[in-house]
Structure formats: C-alpha cells, structure tokens
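As provided, model_11.cif (mmCIF, C-alpha atoms) reads as follows.
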```cif
data_query
loop_
_atom_site.label_atom_id
_atom_site.label_comp_id
_atom_site.auth_asym_id
_atom_site.auth_seq_id
_atom_site.Cartn_x
_atom_site.Cartn_y
_atom_site.Cartn_z
CA ASP A 1 -5.02 -6.46 -3.37
CA ALA A 2 -7.56 -3.86 -4.53
CA GLY A 3 -10.67 -6.01 -4.68
CA ILE A 4 -10.24 -7.19 -8.25
CA THR A 5 -11.96 -10.29 -9.54
CA GLN A 6 -11.72 -11.97 -12.91
CA SER A 7 -14.13 -14.38 -14.50
CA PRO A 8 -13.88 -17.04 -15.62
CA ARG A 9 -10.68 -18.20 -13.93
CA HIS A 10 -10.16 -21.00 -16.43
CA LYS A 11 -11.56 -21.50 -19.90
CA VAL A 12 -10.99 -23.90 -22.75
CA THR A 13 -12.44 -22.91 -26.09
CA GLU A 14 -12.16 -23.87 -29.73
CA THR A 15 -10.48 -21.92 -32.49
CA GLY A 16 -12.83 -19.46 -34.14
CA THR A 17 -15.21 -18.99 -31.22
CA PRO A 18 -15.73 -15.63 -29.49
CA VAL A 19 -14.60 -15.33 -25.88
CA THR A 20 -15.24 -12.60 -23.33
CA LEU A 21 -13.25 -12.20 -20.13
CA ARG A 22 -14.57 -10.00 -17.33
CA CYS A 23 -12.73 -7.88 -14.81
CA HIS A 24 -14.57 -6.37 -11.87
CA GLN A 25 -13.15 -3.93 -9.31
CA THR A 26 -14.60 -2.52 -6.10
CA GLU A 27 -12.01 0.24 -5.52
CA ASN A 28 -13.36 2.89 -7.89
CA HIS A 29 -9.98 3.16 -9.63
CA ARG A 30 -9.98 5.23 -12.79
CA TYR A 31 -7.51 3.14 -14.78
CA MET A 32 -7.96 -0.46 -15.84
CA TYR A 33 -5.67 -2.70 -17.88
CA TRP A 34 -5.62 -6.05 -19.62
CA TYR A 35 -2.29 -7.90 -19.91
CA ARG A 36 -1.29 -11.27 -21.21
CA GLN A 37 1.61 -13.23 -19.75
CA ASP A 38 3.50 -15.77 -21.81
CA PRO A 39 6.76 -17.62 -21.20
CA GLY A 40 9.61 -15.76 -22.84
CA HIS A 41 7.54 -12.61 -23.37
CA GLY A 42 6.66 -11.54 -19.86
CA LEU A 43 3.72 -9.26 -19.26
CA ARG A 44 2.43 -7.38 -22.29
CA LEU A 45 -0.30 -4.75 -22.37
CA ILE A 46 -3.29 -5.54 -24.58
CA HIS A 47 -5.66 -2.62 -23.95
CA TYR A 48 -6.23 -0.11 -21.22
CA SER A 49 -8.95 2.26 -20.08
CA TYR A 50 -8.64 5.71 -18.54
CA GLY A 51 -12.32 6.15 -17.81
CA VAL A 52 -15.79 4.94 -18.69
CA LYS A 53 -15.96 4.47 -22.47
CA ASP A 54 -12.36 5.71 -22.80
CA THR A 55 -10.04 2.98 -24.01
CA ASP A 56 -6.87 2.67 -26.05
CA LYS A 57 -4.63 0.04 -27.55
CA GLY A 58 -1.57 -1.44 -25.96
CA GLU A 59 1.40 -3.32 -27.35
CA VAL A 60 -0.43 -6.47 -28.49
CA SER A 61 -4.00 -5.38 -29.29
CA ASP A 62 -4.57 -7.21 -32.60
CA GLY A 63 -7.44 -9.70 -32.29
CA TYR A 64 -8.74 -8.16 -29.07
CA SER A 65 -11.37 -5.57 -28.25
CA VAL A 66 -12.45 -4.05 -24.94
CA SER A 67 -15.37 -2.22 -23.45
CA ARG A 68 -15.92 -0.28 -20.28
CA SER A 69 -19.49 0.82 -19.70
CA LYS A 70 -19.15 1.15 -15.92
CA THR A 71 -16.26 2.20 -13.71
CA GLU A 72 -16.11 -1.20 -12.08
CA ASP A 73 -16.18 -3.46 -15.15
CA PHE A 74 -13.69 -3.91 -17.98
CA LEU A 75 -14.40 -6.58 -20.59
CA LEU A 76 -11.88 -8.17 -22.94
CA THR A 77 -13.26 -9.88 -26.04
CA LEU A 78 -11.50 -12.20 -28.43
CA GLU A 79 -13.68 -11.91 -31.52
CA SER A 80 -12.46 -15.18 -33.05
CA ALA A 81 -10.06 -17.05 -30.79
CA THR A 82 -6.82 -18.43 -32.22
CA SER A 83 -4.29 -20.82 -30.74
CA SER A 84 -1.80 -17.94 -30.40
CA GLN A 85 -4.16 -16.38 -27.87
CA THR A 86 -3.66 -19.26 -25.45
CA SER A 87 -2.24 -17.43 -22.45
CA VAL A 88 -2.79 -16.23 -18.93
CA TYR A 89 -4.70 -12.96 -18.90
CA PHE A 90 -4.39 -10.49 -16.04
CA CYS A 91 -6.55 -7.52 -15.29
CA ALA A 92 -5.11 -4.63 -13.31
CA THR A 93 -6.41 -1.37 -11.94
CA GLY A 94 -4.56 1.84 -11.20
CA ASP A 95 -5.11 4.80 -8.92
CA GLY A 96 -2.66 7.06 -10.77
CA LEU A 97 0.34 5.84 -8.79
CA GLU A 98 0.17 2.11 -8.23
CA GLN A 99 -1.16 -0.86 -10.15
CA TYR A 100 -3.12 -3.68 -8.51
CA PHE A 101 -3.60 -7.06 -10.16
CA GLY A 102 -6.38 -9.60 -10.32
CA PRO A 103 -5.80 -13.36 -9.95
CA GLY A 104 -5.68 -14.08 -13.68
CA THR A 105 -7.62 -16.14 -16.22
CA ARG A 106 -6.00 -19.13 -17.88
CA LEU A 107 -7.34 -19.40 -21.43
CA THR A 108 -6.64 -22.38 -23.67
CA VAL A 109 -7.65 -22.26 -27.34
CA THR A 110 -7.68 -25.69 -28.97
CA LYS B 1 10.33 3.49 -26.03
CA GLN B 2 10.81 2.43 -22.44
CA GLU B 3 12.65 -0.85 -22.01
CA VAL B 4 13.18 -2.65 -18.72
CA THR B 5 15.71 -5.34 -17.90
CA GLN B 6 16.27 -7.32 -14.73
CA ILE B 7 19.44 -9.02 -13.55
CA PRO B 8 19.89 -11.79 -12.66
CA ALA B 9 17.22 -13.79 -14.47
CA ALA B 10 17.36 -16.44 -11.75
CA LEU B 11 18.97 -16.68 -8.34
CA SER B 12 19.32 -19.50 -5.85
CA VAL B 13 20.54 -18.76 -2.32
CA PRO B 14 20.63 -20.52 1.05
CA GLU B 15 18.22 -19.36 3.71
CA GLY B 16 19.42 -16.38 5.74
CA GLU B 17 21.40 -14.65 3.01
CA ASN B 18 20.92 -11.01 2.13
CA LEU B 19 20.40 -10.47 -1.57
CA VAL B 20 19.98 -7.76 -4.19
CA LEU B 21 17.81 -7.81 -7.29
CA ASN B 22 18.42 -5.27 -10.04
CA CYS B 23 16.09 -3.43 -12.39
CA SER B 24 17.28 -1.14 -15.20
CA PHE B 25 15.21 1.14 -17.42
CA THR B 26 16.12 3.19 -20.48
CA ASP B 27 13.96 6.30 -20.07
CA SER B 28 14.74 8.06 -16.80
CA ALA B 29 11.76 10.44 -17.07
CA ILE B 30 9.63 8.32 -14.76
CA TYR B 31 7.40 9.41 -11.91
CA ASN B 32 7.53 6.13 -10.00
CA LEU B 33 8.71 2.53 -10.01
CA GLN B 34 6.85 -0.43 -8.58
CA TRP B 35 8.17 -3.81 -7.42
CA PHE B 36 5.94 -6.87 -7.53
CA ARG B 37 6.09 -10.46 -6.41
CA GLN B 38 4.49 -13.31 -8.36
CA ASP B 39 4.06 -16.80 -6.97
CA PRO B 40 3.65 -19.67 -9.48
CA GLY B 41 0.16 -19.73 -10.97
CA LYS B 42 -0.83 -16.55 -9.14
CA GLY B 43 -1.30 -12.87 -9.86
CA LEU B 44 1.12 -10.09 -9.06
CA THR B 45 1.31 -8.70 -5.55
CA SER B 46 2.59 -5.18 -5.08
CA LEU B 47 5.59 -5.00 -2.74
CA LEU B 48 6.86 -1.45 -2.89
CA LEU B 49 6.17 1.77 -4.77
CA ILE B 50 8.92 4.38 -5.04
CA GLN B 51 7.89 7.81 -6.24
CA SER B 52 10.36 9.90 -8.23
CA SER B 53 10.90 12.28 -5.29
CA GLN B 54 12.01 9.39 -3.07
CA ARG B 55 15.29 7.53 -3.13
CA GLU B 56 14.13 4.46 -1.25
CA GLN B 57 11.22 2.70 0.40
CA THR B 58 11.19 0.04 3.08
CA SER B 59 8.69 -2.62 4.06
CA GLY B 60 9.78 -5.14 6.65
CA ARG B 61 12.79 -7.01 5.28
CA LEU B 62 12.47 -5.37 1.88
CA ASN B 63 14.19 -2.17 0.83
CA ALA B 64 13.95 -0.69 -2.65
CA SER B 65 16.08 2.15 -3.94
CA LEU B 66 15.71 4.30 -7.04
CA ASP B 67 18.40 6.17 -8.97
CA LYS B 68 16.65 7.88 -11.86
CA SER B 69 19.81 9.45 -13.28
CA SER B 70 21.40 6.05 -13.82
CA GLY B 71 18.14 4.32 -14.75
CA ARG B 72 18.39 1.75 -11.98
CA SER B 73 16.47 0.38 -9.05
CA THR B 74 17.50 -2.31 -6.59
CA LEU B 75 15.41 -4.50 -4.33
CA TYR B 76 17.25 -5.62 -1.22
CA ILE B 77 15.92 -8.61 0.70
CA ALA B 78 17.38 -9.11 4.15
CA ALA B 79 17.68 -12.47 5.89
CA SER B 80 15.99 -14.39 3.09
CA GLN B 81 13.50 -17.16 3.90
CA PRO B 82 12.11 -20.05 1.84
CA GLY B 83 8.79 -18.19 1.73
CA ASP B 84 10.52 -15.45 -0.27
CA SER B 85 10.84 -17.86 -3.20
CA ALA B 86 8.94 -16.29 -6.10
CA THR B 87 9.47 -14.23 -9.22
CA TYR B 88 10.11 -10.55 -8.62
CA LEU B 89 9.18 -8.00 -11.28
CA CYS B 90 9.71 -4.28 -11.56
CA ALA B 91 7.48 -1.92 -13.56
CA VAL B 92 7.97 1.66 -14.72
CA PRO B 93 5.68 4.09 -16.54
CA SER B 94 5.99 4.12 -20.32
CA TYR B 95 3.72 6.95 -21.34
CA GLY B 96 0.82 8.39 -19.43
CA GLN B 97 -0.58 5.75 -17.15
CA ASN B 98 0.86 2.77 -19.04
CA PHE B 99 3.55 0.61 -17.52
CA VAL B 100 6.35 -1.56 -18.87
CA PHE B 101 7.38 -4.64 -16.91
CA GLY B 102 10.76 -6.25 -16.65
CA PRO B 103 11.09 -9.97 -17.40
CA GLY B 104 11.51 -10.78 -13.72
CA THR B 105 14.05 -12.47 -11.46
CA ARG B 106 13.14 -15.98 -10.31
CA LEU B 107 14.33 -16.38 -6.73
CA SER B 108 14.75 -19.70 -4.91
CA VAL B 109 15.65 -19.64 -1.23
CA LEU B 110 16.84 -23.03 -0.08
CA PRO B 111 16.16 -24.23 3.49
#
```

As structure tokens, how would this structure be written, given the file I've shared?
Amino acid sequence: DAGITQSPRHKVTETGTPVTLRCHQTENHRYMYWYRQDPGHGLRLIHYSYGVKDTDKGEVSDGYSVSRSKTEDFLLTLESATSSQTSVYFCATGDGLEQYFGPGTRLTVT
Amino acid sequence: KQEVTQIPAALSVPEGENLVLNCSFTDSAIYNLQWFRQDPGKGLTSLLLIQSSQREQTSGRLNASLDKSSGRSTLYIAASQPGDSATYLCAVPSYGQNFVFGPGTRLSVLP
C-alpha cells in the first residue's frame, strides 16, 4: 500500500473519555480520509481532508472531529466516546485517482 | 446521491472455477471505479482502478470492466484459488474526491 500507518492499532476505552486516532502517510498524497466499518453498514466516511487545514464532513461525522496540521498526519478525535462508536476505523489517502488504505484501528468503548 | 450495490452478497465456489462479481452504481457521472480486496481483520488492498475513458483493466487473473452507461462494473476472476477467498468491494466517486463503497461480496474458494 501507500505507506500508511495508524496508531494505535487496538484501543479499549470507557464511555465519556476523549480518544484520538492518528493516521500517518509517507506518500505526500493530498487527500486523506477517515472511515468506520461496521457489520451491516459497510464502510462509511466520517471526515476527509483535501489539504493542510482543509477538512470537511462525511456521512457520519456527528461526535467526531479531525485535524490536519501537516500533509502527512490526519487525526481523528472522539470528544466523548460512546458505545455506538465501537468500530473498526480505517484511514485512507488519495492521489486524485486511487485510494490507499491503512491497516485499521479496532476501538472498543465500554 | 450515489448508491452502490454488489451482487451476490456471498459466493462459494470450488477451486479452479472462473467467476464474476458485479457492482452497480446509480450515478453514471463517474471518473473512475476502484476494486478492493479485504481479508478478515485487515485493511483494504487495491486490486484494479478503471478510469472513465477505459472499458477494462487486467492484472494477472483479474479483469475488471466498466460500463458507465448502464452503471455497472464486473470483476472477473479466472481459475480461482483458495487464496482468493476474501471480501471484494467496489468504490465509485460520490462528489469531488469522496467515494462510496459497495457492501462487498464475500468469496469462498473451496480446495
């Protein structure tokens, strides 16, 4: 893939706590995305970025915020985690034609 | 709003068979379509990208075709192998650089 790493890879947290997931790319791609994948819902876009400090909402953005201060890093923050945010989170990058995916972060909110 | 469906939802075949996976989309004004493979517990791996000016793309035993006018793409897998067992997803642009994914076809190739 396009040199995309996600951290942490697994996390268990309690309801009401803030959580930040990090995506790091080494390919200098302009576009970056955060998705969540849930059984029965497939892949759904949370937020995306089309450049440094340029972000916008996706289909399921409520309860999530993002930041992109450098080309290579895209952060996803759950301000106050809820059980409904238990999911697998994927970061992706895009070069204007293709998308490339990271390995995913499994988040469990108890 | 772009919507993507994939048929069948699941498929089980004996090793060696040729098979076809289908992807349909509602808005034909797309500039490309991408096929992915996802193994259990893993991320998505890009298989093929078809640009709107192309009708098909080939990589090894995989061949993907695109018919924008009918809103359909097919992924053909020749001489299937147990290692091909995975979920296959297609994705098309929704607006700008956003993409909509199909629900996937879960393929099992039996030895």

Got a sec to resolve the PyMOL selection byres ((chain A) within 7 of (chain B)) on this structure and send the residues as a PyMOL selection string?
-> chain A and resi 42-43+96+98+100-104

Grab the atom CA of A:Thr93 to atom CA of A:Tyr31 distance for me, in Å with one decimal place.
->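 These atoms are spaced 5.4 Å apart.
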
What does the PyMOL selection byres ((chain A and resi 108) around 6) select in this file, as a tab-separated table (two decimals) with C-alpha atoms, keeping the file's coordinate frame?
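Saved to part_23.tsv:
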```
chain	number	residue	atom	x	y	z
A	12	VAL	CA	-10.99	-23.90	-22.75
A	86	THR	CA	-3.66	-19.26	-25.45
A	107	LEU	CA	-7.34	-19.40	-21.43
A	109	VAL	CA	-7.65	-22.26	-27.34
```

How many Å separate atom CA of B:Ser85 from atom CA of B:Pro8?
->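 If I compute the distance from atom CA of B:Ser85 to atom CA of B:Pro8, I get 14.4 Å.
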
Selection result of the PyMOL selection byres ((chain B and resi 86) around 8) on this file, as a ChimeraX atom specification = /B:37-40,84-85,87-88,106-108

Which one of A:Thr20, A:Ser87, A:Gln99, A:Thr26 sits closest to A:Lys70 if you count all atoms listed in the file?
->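 Of A:Thr20, A:Ser87, A:Gln99, A:Thr26, the one nearest A:Lys70, counting all atoms listed in the file, is A:Thr26.
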
Name the residues in contact with stretch 14-23 of chain B at a cut-off of 9 Å, using only C-alpha atoms, excluding same-chain residues fewer than 6 positions from it; report them as an mmCIF file with C-alpha atoms, in the coordinates of the input.
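Saved result, out_27.cif, follows:
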```
data_model
loop_
_atom_site.group_PDB
_atom_site.id
_atom_site.type_symbol
_atom_site.label_atom_id
_atom_site.label_comp_id
_atom_site.auth_asym_id
_atom_site.auth_seq_id
_atom_site.Cartn_x
_atom_site.Cartn_y
_atom_site.Cartn_z
ATOM 1 C CA VAL B 4 13.180 -2.650 -18.720
ATOM 2 C CA THR B 5 15.710 -5.340 -17.900
ATOM 3 C CA GLN B 6 16.270 -7.320 -14.730
ATOM 4 C CA ILE B 7 19.440 -9.020 -13.550
ATOM 5 C CA PRO B 8 19.890 -11.790 -12.660
ATOM 6 C CA GLY B 71 18.140 4.320 -14.750
ATOM 7 C CA ARG B 72 18.390 1.750 -11.980
ATOM 8 C CA SER B 73 16.470 0.380 -9.050
ATOM 9 C CA THR B 74 17.500 -2.310 -6.590
ATOM 10 C CA LEU B 75 15.410 -4.500 -4.330
ATOM 11 C CA TYR B 76 17.250 -5.620 -1.220
ATOM 12 C CA ILE B 77 15.920 -8.610 0.700
ATOM 13 C CA ALA B 78 17.380 -9.110 4.150
ATOM 14 C CA ALA B 79 17.680 -12.470 5.890
ATOM 15 C CA SER B 80 15.990 -14.390 3.090
ATOM 16 C CA GLN B 81 13.500 -17.160 3.900
ATOM 17 C CA PRO B 82 12.110 -20.050 1.840
ATOM 18 C CA TYR B 88 10.110 -10.550 -8.620
ATOM 19 C CA LEU B 89 9.180 -8.000 -11.280
ATOM 20 C CA CYS B 90 9.710 -4.280 -11.560
ATOM 21 C CA ALA B 91 7.480 -1.920 -13.560
ATOM 22 C CA GLY B 102 10.760 -6.250 -16.650
ATOM 23 C CA GLY B 104 11.510 -10.780 -13.720
ATOM 24 C CA THR B 105 14.050 -12.470 -11.460
ATOM 25 C CA SER B 108 14.750 -19.700 -4.910
ATOM 26 C CA VAL B 109 15.650 -19.640 -1.230
ATOM 27 C CA LEU B 110 16.840 -23.030 -0.080
ATOM 28 C CA PRO B 111 16.160 -24.230 3.490
#
```
